[in-house]
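Peer 1: Provided below: structure_1.cif, containing mmCIF, C-alpha atoms.
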data_model
#
loop_
_atom_site.label_atom_id
_atom_site.label_comp_id
_atom_site.auth_asym_id
_atom_site.auth_seq_id
_atom_site.Cartn_x
_atom_site.Cartn_y
_atom_site.Cartn_z
CA MET A 1 37.70 17.83 1.04
CA PHE A 2 40.06 16.56 -1.63
CA SER A 3 37.48 16.77 -4.45
CA GLU A 4 36.79 20.42 -3.60
CA ARG A 5 40.50 21.28 -3.52
CA LEU A 6 41.03 19.57 -6.87
CA SER A 7 38.08 21.36 -8.47
CA ALA A 8 39.34 24.73 -7.24
CA ALA A 9 42.87 23.99 -8.43
CA LEU A 10 41.66 22.96 -11.88
CA HIS A 11 39.49 26.06 -12.20
CA LYS A 12 42.37 28.33 -11.19
CA HIS A 13 44.74 26.56 -13.57
CA GLN A 14 42.38 26.75 -16.53
CA SER A 15 41.37 30.37 -15.90
CA SER A 16 44.91 31.70 -15.44
CA GLN A 17 46.19 29.92 -18.50
CA GLN A 18 43.34 31.12 -20.71
CA LEU A 19 43.72 34.73 -19.57
CA SER A 20 47.45 34.60 -20.26
CA ARG A 21 46.92 33.37 -23.79
CA LEU A 22 44.19 35.91 -24.50
CA ALA A 23 46.48 38.71 -23.35
CA THR A 24 49.32 37.72 -25.65
CA VAL A 25 47.75 36.50 -28.84
CA ALA A 26 44.41 36.76 -30.60
CA VAL A 27 43.11 33.28 -31.32
CA ALA A 28 39.71 32.12 -32.51
CA ALA A 29 37.54 31.31 -29.50
CA GLY A 30 36.95 27.77 -30.66
CA LEU A 31 40.67 27.02 -30.51
CA LEU A 32 41.24 28.28 -26.98
CA ALA A 33 42.19 25.62 -24.45
CA ALA A 34 43.85 25.63 -21.09
CA CYS A 35 47.49 24.81 -21.51
CA GLY A 36 49.57 22.36 -19.56
CA ALA A 37 53.29 22.30 -18.98
CA GLY A 38 55.86 22.78 -21.70
CA ASN A 39 55.95 24.39 -25.13
CA THR A 40 55.47 22.57 -28.37
CA THR A 41 55.07 22.82 -32.11
CA SER A 42 52.72 19.84 -32.06
CA THR A 43 50.16 19.90 -34.87
CA GLY A 44 47.31 18.29 -32.93
CA PRO A 45 46.28 16.19 -29.97
CA ALA A 46 45.80 12.84 -31.73
CA LYS A 47 49.05 12.64 -33.70
CA ASP A 48 51.99 14.69 -34.88
CA ALA A 49 52.75 15.02 -38.59
CA ASP A 50 56.47 14.95 -37.80
CA PRO A 51 57.27 13.88 -34.22
CA ALA A 52 60.96 14.46 -34.84
CA SER A 53 60.32 18.21 -35.17
CA VAL A 54 58.20 18.60 -32.04
CA THR A 55 59.81 20.59 -29.25
CA GLY A 56 58.87 21.29 -25.66
CA THR A 57 59.08 19.88 -22.17
CA LEU A 58 57.04 16.86 -21.14
CA ARG A 59 56.31 16.82 -17.41
CA VAL A 60 55.63 13.39 -15.91
CA LEU A 61 54.35 12.73 -12.39
CA THR A 62 54.92 9.15 -11.30
CA PRO A 63 55.32 7.10 -8.11
CA SER A 64 56.52 4.11 -10.14
CA TYR A 65 60.31 4.35 -10.02
CA GLY A 66 61.43 5.84 -6.73
CA THR A 67 64.91 7.24 -6.24
CA SER A 68 67.02 4.07 -6.17
CA THR A 69 69.73 3.50 -8.76
CA VAL A 70 67.72 0.69 -10.35
CA GLY A 71 64.63 2.89 -10.42
CA LYS A 72 66.47 5.73 -12.11
CA GLN A 73 67.91 3.32 -14.68
CA SER A 74 64.48 1.88 -15.44
CA LEU A 75 63.00 5.33 -15.95
CA GLN A 76 65.90 6.37 -18.16
CA LYS A 77 65.26 3.36 -20.40
CA VAL A 78 61.71 4.61 -20.92
CA ILE A 79 62.93 8.13 -21.68
CA ASP A 80 65.56 6.86 -24.11
CA THR A 81 62.98 4.80 -25.99
CA PHE A 82 60.58 7.77 -26.09
CA HIS A 83 63.36 9.94 -27.55
CA LYS A 84 63.66 7.62 -30.54
CA THR A 85 60.32 9.07 -31.66
CA TYR A 86 60.44 12.54 -30.03
CA PRO A 87 64.17 13.42 -29.91
CA LYS A 88 63.61 17.15 -29.27
CA VAL A 89 61.12 16.84 -26.41
CA LYS A 90 62.71 17.19 -22.99
CA VAL A 91 61.31 14.94 -20.25
CA GLU A 92 61.04 16.18 -16.67
CA ALA A 93 60.05 13.36 -14.31
CA ASP A 94 58.76 14.08 -10.81
CA ASN A 95 59.18 10.95 -8.68
CA ALA A 96 56.31 11.16 -6.23
CA THR A 97 55.11 8.74 -3.57
CA PHE A 98 51.53 7.77 -2.85
CA ASP A 99 51.82 9.78 0.36
CA ASN A 100 52.32 13.04 -1.52
CA LEU A 101 50.76 12.29 -4.92
CA ASN A 102 47.45 14.08 -4.23
CA GLN A 103 49.24 17.11 -2.86
CA LYS A 104 51.61 17.34 -5.83
CA ILE A 105 48.71 17.22 -8.29
CA SER A 106 46.68 19.89 -6.52
CA THR A 107 49.70 22.13 -5.92
CA ALA A 108 50.87 21.92 -9.53
CA LEU A 109 47.45 22.75 -10.92
CA ALA A 110 46.90 25.62 -8.49
CA GLY A 111 50.24 27.05 -9.58
CA GLY A 112 49.40 26.76 -13.27
CA GLN A 113 52.03 24.06 -13.84
CA GLY A 114 50.07 20.89 -14.43
CA TYR A 115 51.77 17.73 -15.66
CA ASP A 116 51.41 16.16 -19.10
CA VAL A 117 51.42 12.54 -17.90
CA TYR A 118 49.97 11.39 -14.59
CA VAL A 119 50.58 7.99 -13.01
CA THR A 120 48.10 7.32 -10.22
CA GLY A 121 46.58 4.35 -8.43
CA ILE A 122 43.87 1.93 -9.42
CA GLY A 123 40.63 3.48 -8.19
CA TRP A 124 41.86 7.03 -8.78
CA ILE A 125 40.46 7.50 -12.29
CA PRO A 126 36.87 8.60 -11.44
CA PRO A 127 37.85 11.40 -9.00
CA PHE A 128 40.21 12.98 -11.53
CA ALA A 129 38.37 12.22 -14.78
CA SER A 130 35.17 13.70 -13.35
CA LYS A 131 37.02 17.00 -12.88
CA GLY A 132 38.28 17.05 -16.46
CA LEU A 133 41.92 16.38 -15.63
CA TYR A 134 42.39 13.54 -18.13
CA THR A 135 42.02 13.03 -21.87
CA ASP A 136 39.69 10.36 -23.24
CA LEU A 137 42.22 7.97 -24.78
CA SER A 138 39.89 6.89 -27.58
CA LYS A 139 41.22 9.87 -29.56
CA PHE A 140 44.48 7.94 -29.78
CA GLY A 141 42.74 4.70 -30.72
CA PHE A 142 42.94 3.21 -27.22
CA THR A 143 39.46 1.79 -26.75
CA LYS A 144 37.71 -0.94 -24.79
CA ASP A 145 38.57 -3.37 -27.61
CA THR A 146 42.25 -2.43 -27.37
CA LEU A 147 42.12 -2.77 -23.61
CA SER A 148 40.47 -6.20 -23.68
CA LYS A 149 43.03 -7.44 -26.20
CA ASP A 150 46.09 -6.47 -24.17
CA TYR A 151 44.85 -6.66 -20.58
CA SER A 152 42.69 -8.82 -18.34
CA SER A 153 39.03 -7.83 -18.56
CA ALA A 154 39.04 -7.35 -14.77
CA LEU A 155 41.23 -4.26 -15.25
CA TYR A 156 38.68 -2.43 -17.44
CA ASN A 157 36.76 -0.86 -14.58
CA ALA A 158 40.01 0.41 -13.09
CA VAL A 159 40.73 2.76 -16.02
CA GLN A 160 37.30 3.94 -17.16
CA TYR A 161 34.81 6.56 -16.09
CA GLN A 162 31.30 6.79 -17.53
CA GLY A 163 32.22 4.36 -20.30
CA LYS A 164 35.32 6.23 -21.48
CA ILE A 165 38.92 5.10 -21.08
CA TYR A 166 41.13 7.54 -19.20
CA GLY A 167 44.11 5.40 -18.26
CA VAL A 168 46.41 2.61 -19.40
CA PRO A 169 47.19 -0.12 -16.82
CA LEU A 170 50.87 -0.33 -15.88
CA MET A 171 50.99 -2.90 -13.10
CA ALA A 172 48.80 -4.86 -10.76
CA ALA A 173 49.66 -5.11 -7.07
CA PRO A 174 47.64 -8.00 -5.62
CA LYS A 175 47.16 -8.73 -1.95
CA LEU A 176 46.74 -12.48 -2.22
CA VAL A 177 46.42 -15.10 0.52
CA ALA A 178 49.36 -17.41 1.22
CA TYR A 179 49.54 -20.43 3.53
CA ARG A 180 52.23 -22.69 4.97
CA LYS A 181 51.88 -26.28 3.78
CA SER A 182 53.90 -27.65 6.70
CA MET A 183 51.52 -26.05 9.19
CA PHE A 184 48.54 -27.52 7.34
CA LYS A 185 50.08 -30.97 7.74
CA GLN A 186 50.71 -30.42 11.44
CA ALA A 187 47.05 -29.49 11.91
CA GLY A 188 45.84 -32.54 9.97
CA LEU A 189 44.81 -30.51 6.93
CA ASP A 190 45.55 -31.45 3.33
CA PRO A 191 48.30 -29.04 2.16
CA GLU A 192 47.09 -29.31 -1.42
CA LYS A 193 43.52 -28.32 -0.56
CA PRO A 194 43.25 -24.75 0.75
CA PRO A 195 39.84 -23.45 1.87
CA THR A 196 37.27 -22.81 -0.86
CA THR A 197 34.44 -21.28 1.21
CA TRP A 198 34.15 -18.90 4.14
CA ALA A 199 33.08 -21.78 6.36
CA GLU A 200 36.19 -23.76 5.47
CA LEU A 201 38.39 -20.68 5.92
CA ARG A 202 36.97 -20.13 9.40
CA SER A 203 37.38 -23.80 10.33
CA TYR A 204 40.96 -23.95 9.04
CA ALA A 205 41.93 -20.66 10.70
CA LYS A 206 40.63 -21.80 14.10
CA LYS A 207 42.52 -25.10 13.84
CA LEU A 208 45.72 -23.33 12.80
CA THR A 209 45.69 -20.63 15.50
CA LYS A 210 48.02 -21.14 18.45
CA ARG A 211 47.74 -19.28 21.76
CA SER A 212 49.47 -19.70 25.09
CA GLY A 213 47.64 -20.79 28.20
CA SER A 214 47.20 -17.11 29.08
CA GLY A 215 45.70 -16.40 25.65
CA GLU A 216 48.74 -14.71 24.12
CA LEU A 217 48.84 -15.15 20.36
CA GLN A 218 51.74 -17.36 19.29
CA ARG A 219 50.66 -18.06 15.72
CA ALA A 220 47.80 -16.49 13.81
CA GLY A 221 45.47 -18.81 11.97
CA LEU A 222 44.73 -16.03 9.45
CA ASP A 223 46.75 -12.82 9.32
CA PHE A 224 45.24 -9.76 7.65
CA TRP A 225 48.63 -8.00 7.25
CA SER A 226 46.88 -4.87 8.44
CA GLY A 227 47.65 -2.49 11.24
CA PRO A 228 45.03 -0.11 12.65
CA GLY A 229 43.18 1.72 9.90
CA ALA A 230 44.32 -0.69 7.19
CA LEU A 231 41.66 -3.40 6.98
CA THR A 232 40.06 -2.00 3.82
CA GLN A 233 41.96 -4.16 1.34
CA PRO A 234 41.21 -7.51 3.05
CA TYR A 235 37.62 -6.33 3.48
CA VAL A 236 37.35 -5.70 -0.27
CA SER A 237 38.55 -9.27 -0.90
CA PHE A 238 35.76 -10.66 1.29
CA LEU A 239 33.23 -8.29 -0.27
CA GLY A 240 34.32 -9.33 -3.77
CA SER A 241 33.99 -13.00 -2.89
CA LEU A 242 30.29 -12.34 -2.25
CA GLY A 243 30.01 -10.75 -5.68
CA GLY A 244 29.83 -7.29 -4.11
CA THR A 245 31.70 -4.07 -4.86
CA GLN A 246 32.38 -0.88 -2.96
CA TYR A 247 30.51 1.09 -5.61
CA SER A 248 27.85 0.37 -8.20
CA ALA A 249 28.51 0.70 -11.92
CA ASP A 250 27.25 4.30 -11.82
CA GLY A 251 29.57 5.21 -8.94
CA LYS A 252 27.08 5.11 -6.07
CA PRO A 253 28.13 3.63 -2.68
CA ALA A 254 27.30 -0.08 -2.52
CA PHE A 255 29.47 -1.07 0.43
CA ASN A 256 26.58 -0.57 2.84
CA ASP A 257 24.29 -3.10 1.16
CA ALA A 258 23.69 -6.59 2.55
CA LYS A 259 26.90 -7.95 1.03
CA GLY A 260 29.00 -5.10 2.38
CA VAL A 261 27.58 -5.53 5.86
CA LYS A 262 28.07 -9.30 5.75
CA ALA A 263 31.73 -8.93 4.75
CA ALA A 264 32.41 -6.47 7.59
CA GLU A 265 30.67 -8.71 10.10
CA PHE A 266 32.60 -11.79 8.97
CA VAL A 267 35.96 -10.05 9.31
CA THR A 268 34.88 -8.88 12.75
CA GLU A 269 33.87 -12.39 13.82
CA LEU A 270 37.18 -13.87 12.69
CA ILE A 271 39.09 -11.39 14.82
CA LYS A 272 36.88 -10.87 17.86
CA LYS A 273 34.88 -14.11 18.16
CA ASP A 274 37.10 -16.77 16.60
CA LYS A 275 40.30 -14.98 17.67
CA VAL A 276 42.29 -16.27 14.71
CA THR A 277 44.48 -13.17 15.09
CA ASP A 278 44.66 -10.04 17.20
CA PHE A 279 43.45 -6.66 16.00
CA GLY A 280 46.32 -4.66 14.50
CA TYR A 281 48.73 -7.59 14.80
CA VAL A 282 51.66 -6.86 12.47
CA SER A 283 55.42 -7.38 12.59
CA ASN A 284 57.73 -4.47 13.32
CA ASP A 285 59.22 -4.70 9.82
CA ASN A 286 55.76 -5.05 8.21
CA ILE A 287 56.76 -8.31 6.51
CA PRO A 288 53.65 -10.54 6.17
CA LEU A 289 53.48 -12.84 9.18
CA VAL A 290 52.83 -15.88 7.00
CA LEU A 291 56.30 -15.42 5.48
CA LYS A 292 57.87 -15.19 8.93
CA GLY A 293 56.17 -18.37 10.18
CA LYS A 294 54.06 -16.38 12.63
CA ALA A 295 50.84 -17.08 10.74
CA ALA A 296 49.64 -20.28 9.06
CA MET A 297 47.55 -18.36 6.52
CA GLY A 298 47.76 -14.69 5.71
CA PHE A 299 47.53 -11.89 3.20
CA ALA A 300 50.79 -11.14 1.40
CA GLY A 301 52.04 -9.14 -1.57
CA GLY A 302 52.16 -10.11 -5.22
CA TYR A 303 55.92 -10.62 -5.20
CA ILE A 304 58.02 -12.73 -2.84
CA ASP A 305 61.81 -12.71 -2.95
CA CYS A 306 62.90 -16.33 -2.55
CA SER A 307 66.61 -15.61 -2.48
CA GLU A 308 68.71 -16.56 0.54
CA LYS A 309 70.58 -13.26 0.69
CA THR A 310 67.82 -10.66 0.47
CA GLY A 311 64.62 -12.69 0.63
CA VAL A 312 62.81 -15.28 2.71
CA GLY A 313 64.81 -18.21 1.31
CA GLN A 314 63.87 -21.06 -0.99
CA ASP A 315 62.75 -23.33 1.85
CA VAL A 316 60.03 -20.86 2.82
CA CYS A 317 58.95 -20.38 -0.80
CA ASP A 318 58.73 -24.16 -1.27
CA ASP A 319 56.47 -24.32 1.78
CA LEU A 320 54.02 -21.72 0.44
CA GLY A 321 50.68 -22.28 -1.22
CA PHE A 322 48.19 -19.63 -2.36
CA PHE A 323 44.44 -19.27 -2.68
CA ASN A 324 41.71 -16.70 -3.30
CA ILE A 325 39.09 -15.69 -0.76
CA THR A 326 36.04 -17.55 -2.06
CA GLU A 327 32.37 -17.69 -1.20
CA SER A 328 30.05 -17.21 -4.19
CA LYS A 329 33.12 -16.49 -6.38
CA PRO A 330 36.92 -16.21 -6.04
CA ALA A 331 38.29 -12.74 -5.28
CA MET A 332 41.82 -11.34 -5.11
CA PHE A 333 42.28 -7.77 -3.94
CA THR A 334 44.42 -5.88 -6.43
CA GLY A 335 45.89 -2.42 -6.29
CA GLY A 336 48.20 -1.07 -8.97
CA GLN A 337 49.09 1.91 -11.12
CA VAL A 338 47.69 3.45 -14.30
CA ALA A 339 48.97 6.17 -16.63
CA SER A 340 46.87 9.04 -18.01
CA VAL A 341 47.31 11.95 -20.41
CA ALA A 342 46.42 15.43 -19.14
CA ALA A 343 43.50 17.06 -20.93
CA ASN A 344 45.28 20.42 -20.72
CA SER A 345 48.62 19.26 -22.11
CA LYS A 346 49.83 20.90 -25.30
CA LEU A 347 51.93 17.78 -25.91
CA GLN A 348 49.12 15.27 -26.00
CA ALA A 349 50.45 13.12 -28.84
CA ALA A 350 53.90 13.01 -27.26
CA SER A 351 52.32 12.34 -23.86
CA TYR A 352 50.42 9.37 -25.20
CA LYS A 353 53.59 8.06 -26.82
CA PHE A 354 55.31 8.26 -23.44
CA VAL A 355 52.43 6.30 -21.90
CA GLN A 356 52.74 3.71 -24.66
CA VAL A 357 56.44 3.26 -23.88
CA MET A 358 55.73 3.03 -20.14
CA SER A 359 53.12 0.35 -20.78
CA SER A 360 55.29 -1.85 -22.97
CA LEU A 361 55.83 -5.33 -21.55
CA GLN A 362 59.50 -4.68 -20.78
CA ALA A 363 58.86 -1.35 -19.07
CA GLU A 364 55.97 -2.79 -17.05
CA SER A 365 58.16 -5.73 -15.99
CA ASP A 366 60.90 -3.36 -14.80
CA MET A 367 58.34 -1.26 -12.96
CA ALA A 368 56.68 -4.26 -11.32
CA LYS A 369 59.95 -5.48 -9.80
CA LEU A 370 60.43 -2.09 -8.17
CA ASN A 371 56.93 -2.17 -6.66
CA PHE A 372 56.53 -5.81 -5.61
CA ALA A 373 53.83 -6.11 -8.25
CA VAL A 374 53.19 -7.85 -11.56
CA PRO A 375 52.95 -6.34 -15.06
CA ALA A 376 49.38 -5.56 -16.06
CA ARG A 377 49.86 -6.48 -19.72
CA GLN A 378 48.91 -9.95 -20.92
CA GLY A 379 51.85 -12.17 -21.79
CA ALA A 380 53.77 -11.17 -18.68
CA THR A 381 55.64 -13.75 -16.64
CA ALA A 382 56.94 -13.93 -13.07
CA ASP A 383 59.81 -15.88 -11.53
CA ASP A 384 58.44 -15.98 -7.98
CA PRO A 385 55.53 -18.09 -6.68
CA ALA A 386 53.33 -15.17 -5.60
CA GLY A 387 53.73 -13.42 -8.93
CA GLN A 388 52.95 -16.59 -10.83
CA PHE A 389 49.76 -17.11 -8.82
CA ALA A 390 48.77 -13.45 -9.23
CA LEU A 391 49.18 -13.49 -13.03
CA LYS A 392 47.09 -16.65 -13.32
CA ASN A 393 44.34 -15.11 -11.19
CA LEU A 394 44.03 -11.54 -12.45
CA GLN A 395 40.55 -12.37 -13.75
CA TYR A 396 39.48 -12.49 -10.10
CA ALA A 397 40.87 -9.04 -9.30
CA VAL A 398 38.72 -6.77 -7.13
CA PHE A 399 39.53 -3.15 -6.42
CA GLN A 400 38.98 -0.29 -4.06
CA GLY A 401 37.24 2.74 -5.45
CA GLY A 402 34.81 3.39 -8.27
CA SER A 403 33.33 6.76 -7.34
CA THR A 404 34.20 10.42 -7.82
CA GLY A 405 34.44 10.81 -4.04
CA TYR A 406 36.65 7.78 -3.45
CA LEU A 407 39.81 9.67 -2.49
CA ASP A 408 37.95 11.32 0.38
CA THR A 409 36.14 8.18 1.48
CA ARG A 410 39.20 5.92 1.43
CA ILE A 411 40.75 7.98 4.24
CA LYS A 412 37.72 7.26 6.43
CA PHE A 413 37.08 3.67 5.41
CA GLY A 414 39.81 1.92 7.38
CA PRO A 415 39.05 3.72 10.66
CA ALA A 416 35.35 2.94 10.19
CA LEU A 417 36.17 -0.77 9.84
CA ASP A 418 38.29 -0.52 13.00
CA GLU A 419 35.29 0.79 14.91
CA ILE A 420 33.22 -2.16 13.69
CA VAL A 421 35.87 -4.74 14.62
CA LEU A 422 36.42 -3.15 18.04
CA GLY A 423 32.69 -3.19 18.76
CA LYS A 424 32.33 0.58 18.93
CA LYS A 425 29.74 0.58 16.12
CA SER A 426 27.63 -2.03 14.38
CA ALA A 427 28.45 -2.71 10.74
CA LYS A 428 25.27 -1.39 9.13
CA PRO A 429 25.13 2.07 10.75
CA ALA A 430 28.91 2.54 10.38
CA LEU A 431 28.82 1.77 6.66
CA ASP A 432 25.62 3.78 6.19
CA ALA A 433 27.38 6.80 7.69
CA LEU A 434 30.25 6.44 5.21
CA ALA A 435 27.81 6.19 2.32
CA GLN A 436 25.91 9.23 3.54
CA ASP A 437 29.12 11.28 3.77
CA GLU A 438 29.79 10.63 0.10
CA ARG A 439 26.36 11.70 -1.14
#
As structure tokens, how would this structure be written, given the file I've shared?
Peer 2:
Amino acid sequence: MFSERLSAALHKHQSSQQLSRLATVAVAAGLLAACGAGNTTSTGPAKDADPASVTGTLRVLTPSYGTSTVGKQSLQKVIDTFHKTYPKVKVEADNATFDNLNQKISTALAGGQGYDVYVTGIGWIPPFASKGLYTDLSKFGFTKDTLSKDYSSALYNAVQYQGKIYGVPLMAAPKLVAYRKSMFKQAGLDPEKPPTTWAELRSYAKKLTKRSGSGELQRAGLDFWSGPGALTQPYVSFLGSLGGTQYSADGKPAFNDAKGVKAAEFVTELIKKDKVTDFGYVSNDNIPLVLKGKAAMGFAGGYIDCSEKTGVGQDVCDDLGFFNITESKPAMFTGGQVASVAANSKLQAASYKFVQVMSSLQAESDMAKLNFAVPARQGATADDPAGQFALKNLQYAVFQGGSTGYLDTRIKFGPALDEIVLGKKSAKPALDALAQDER
């Protein structure tokens, strides 16, 4: 399992580094610490007496920028700003993807070459913090009070573990629900009044669904923007709208409680009983069907390009409305990225400075455009309708994750929901089995 591989990699990294240092220099036992990448003359983890004199190599692992020209330029802006404070520290950036991020982390640690700064996903903090990979950021003065001042309170749980802050939010990537106003009008629905309860959502979706005489789907009433194995994010939106979470505050599985079962059953009924869409119904280019006019309502990303040349066009954007899945409360699924400082880095002060630069409003804005997301920092703006809605509704953000075993469970969660929707298993025993696997 991933957690076991990570634990073994961390142990190997720490042991090999400590032995190396013991063999080369006699140091008081209380000062020994496993070292990360790079060399430095840093005077301490919380701050440097003279940052301009610090030397070394800062290794950064991030999926935020990609390899495009614009991405490289955005990253270079961050590095250039960082160098105004730490001119002698070299920055080595490893541009990962979320497909290989776990592997890169485990491989680097096993080889004794951990990174100084890690950018990972929302929901990834507990698995890594529980293994000692990250530094508690309170040593730099980044506390819950700081977090609540600069970010939506809904983002707090995404960067903490056991009450300590281990990450700084960089961007939020919502999966909000869009609808076509023109299709509402055609169905006799008020285009300015989207559904505000599950019952209304079901009623609207059934009215808006179009099928041929043979039953072939011509227009989905509600599109989940999810192929096989990918229903977890919409499920979390429905779960959140009941006031439920995947995990309790102490990291125990909660997705198999009454709320979790109800959310899974409702998603199943929409697809199998009400037939508002077909299971696994997605476009070949993975563009949300609601943007293509093949769904009247549907999940979509937190950024929509309204341009005529590269986007969906202004006419489509003008026809869009947005709403949150709502039952007992509004909920908007939100992914995103957070930045952390490695506990084993010898460049901790410089690492935190790099994180500060990455999390500036300008840097977050640049990053968000590259990832179809919105900046996490308060005061951010968006020039597209989805981004504007997302920023106004971040207080309703709900997330995947919340446990130390999340990275293992998330691989199984989507397929388990598929089995429920396809009638292979009932919701309660399927979710109980997932919870049992994590214990």
Peer 1: With the PyMOL selection byres ((chain A and resi 256) around 8) as the selection, what would be picked from this file? Answer as a PDB file with C-alpha atoms, in the frame of the given file, please.
Peer 2:
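Now in out.pdb:
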ATOM      1  CA  PRO A 253      28.130   3.630  -2.680  1.00  0.00           C
ATOM      2  CA  ALA A 254      27.300  -0.080  -2.520  1.00  0.00           C
ATOM      3  CA  PHE A 255      29.470  -1.070   0.430  1.00  0.00           C
ATOM      4  CA  ASP A 257      24.290  -3.100   1.160  1.00  0.00           C
ATOM      5  CA  ALA A 258      23.690  -6.590   2.550  1.00  0.00           C
ATOM      6  CA  LYS A 259      26.900  -7.950   1.030  1.00  0.00           C
ATOM      7  CA  GLY A 260      29.000  -5.100   2.380  1.00  0.00           C
ATOM      8  CA  VAL A 261      27.580  -5.530   5.860  1.00  0.00           C
ATOM      9  CA  LYS A 428      25.270  -1.390   9.130  1.00  0.00           C
ATOM     10  CA  LEU A 431      28.820   1.770   6.660  1.00  0.00           C
ATOM     11  CA  ASP A 432      25.620   3.780   6.190  1.00  0.00           C
ATOM     12  CA  ALA A 435      27.810   6.190   2.320  1.00  0.00           C
TER      13      ALA A 435
END
Peer 1: Every residue with an atom at most 12 Å from (49.0, 11.5, 3.6) (file coordinates; only C-alpha atoms) is what I'm after, so could you write them as a VMD selection string?
Peer 2: chain A and resid 2 97 to 104 407 to 408 410 to 411
Peer 1: What do you get, as a PyMOL selection string, if you spell out every residue that the PyMOL selection byres ((chain A and resi 87) around 9) selects here?
Peer 2: chain A and resi 51-55+80+82-86+88-90
Peer 1: Could you list the residues chosen by the PyMOL selection byres ((chain A and resi 263) around 12) in this structure as a ChimeraX atom specification?
Peer 2: /A:198,231-246,255-262,264-270,325-327,417,420-421,427-428,431
Peer 1: Hey, can I get the axis-aligned box for segment 165-176 of chain A? All listed atoms, 5 Å padding on each side, centre and edge lengths in Å to one decimal, as AutoDock Vina command-line options.
Peer 2:
--center_x 45.0 --center_y -2.5 --center_z -11.5 --size_x 22.1 --size_y 30.0 --size_z 29.1
Peer 1: Could you jot down the atom CA of Gln436 of chain A to atom CA of Val159 of chain A separation for me, Å, one decimal place?
Peer 2: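 A separation of 25.4 Å between them.
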Peer 1: Can you pull out every residue within 10 Å of Asp366 of chain A, counting only C-alpha atoms, but drop anything in the same chain fewer than 3 positions away, and send it as a list in words?
Peer 2: Ser64, Tyr65, Val70, Gly71, Gln73, Ser74, Leu75, Lys77, Met358, Leu361, Gln362, Ala363, Lys369, Leu370, Asn371, Val374 and Pro375 of chain A
Peer 1: Could you take the residues named above and write them with C-alpha atoms, as a PDB file, in the coordinates of the input?
Peer 2:
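Dumped to part_12.pdb:
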ATOM      1  CA  SER A  64      56.520   4.110 -10.140  1.00  0.00           C
ATOM      2  CA  TYR A  65      60.310   4.350 -10.020  1.00  0.00           C
ATOM      3  CA  VAL A  70      67.720   0.690 -10.350  1.00  0.00           C
ATOM      4  CA  GLY A  71      64.630   2.890 -10.420  1.00  0.00           C
ATOM      5  CA  GLN A  73      67.910   3.320 -14.680  1.00  0.00           C
ATOM      6  CA  SER A  74      64.480   1.880 -15.440  1.00  0.00           C
ATOM      7  CA  LEU A  75      63.000   5.330 -15.950  1.00  0.00           C
ATOM      8  CA  LYS A  77      65.260   3.360 -20.400  1.00  0.00           C
ATOM      9  CA  MET A 358      55.730   3.030 -20.140  1.00  0.00           C
ATOM     10  CA  LEU A 361      55.830  -5.330 -21.550  1.00  0.00           C
ATOM     11  CA  GLN A 362      59.500  -4.680 -20.780  1.00  0.00           C
ATOM     12  CA  ALA A 363      58.860  -1.350 -19.070  1.00  0.00           C
ATOM     13  CA  LYS A 369      59.950  -5.480  -9.800  1.00  0.00           C
ATOM     14  CA  LEU A 370      60.430  -2.090  -8.170  1.00  0.00           C
ATOM     15  CA  ASN A 371      56.930  -2.170  -6.660  1.00  0.00           C
ATOM     16  CA  VAL A 374      53.190  -7.850 -11.560  1.00  0.00           C
ATOM     17  CA  PRO A 375      52.950  -6.340 -15.060  1.00  0.00           C
TER      18      PRO A 375
END
Peer 1: I want to know what sits within 10 Å of Gly280 of chain A, based on only C-alpha atoms, with residues of the same chain fewer than 2 positions away left out; could you give that as a compact mmCIF listing (two decimals) with C-alpha atoms, in the frame of the given file?
Peer 2:
# COMPACT_ATOMS: atom_id res chain seq x y z
CA ASP A 223 46.75 -12.82 9.32
CA PHE A 224 45.24 -9.76 7.65
CA TRP A 225 48.63 -8.00 7.25
CA SER A 226 46.88 -4.87 8.44
CA GLY A 227 47.65 -2.49 11.24
CA PRO A 228 45.03 -0.11 12.65
CA GLY A 229 43.18 1.72 9.90
CA ALA A 230 44.32 -0.69 7.19
CA LEU A 231 41.66 -3.40 6.98
CA ILE A 271 39.09 -11.39 14.82
CA THR A 277 44.48 -13.17 15.09
CA ASP A 278 44.66 -10.04 17.20
CA VAL A 282 51.66 -6.86 12.47
CA SER A 283 55.42 -7.38 12.59
CA ASP A 418 38.29 -0.52 13.00
Peer 1: For a test of reading the model, state the distance in Å between atom CA of Ala220 of chain A and atom CA of Phe322 of chain A, rounded to one decimal.
Peer 2: 16.5 Å
Peer 1: Which residue gives the smallest distance to Asp136 of chain A among A:Tyr115, A:Phe323, A:Tyr151, A:Tyr166, with only C-alpha atoms counted?
Peer 2: A:Tyr166
Peer 1: With distances taken over all atoms listed in the file, which residue among A:Ser307, A:Thr135, A:Gln113, A:Gln160 lies nearest Gln348 of chain A?
Peer 2: A:Thr135
Peer 1: Would you work out the distance separating atom CA of Lys175 of chain A from atom CA of Ala373 of chain A, expressed in Å to one decimal?
Peer 2: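 Between atom CA of Lys175 of chain A and atom CA of Ala373 of chain A the gap is 9.5 Å.
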Peer 1: Calculated over only C-alpha atoms, which of the candidates A:Thr107, A:Thr404, A:Ser365, A:Lys424 has the smallest distance to Thr381 of chain A?
Peer 2: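 Smallest distance to Thr381 of chain A is found for A:Ser365.
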Peer 1: Tell me which residues come within 12 Å of (40.6, 12.0, -12.6), as a ChimeraX atom specification, counting all atoms listed in the file in the file's coordinates.
Peer 2: /A:2-3,6-7,10,102,105-106,118-136,158-162,164-167,338-343,402-407
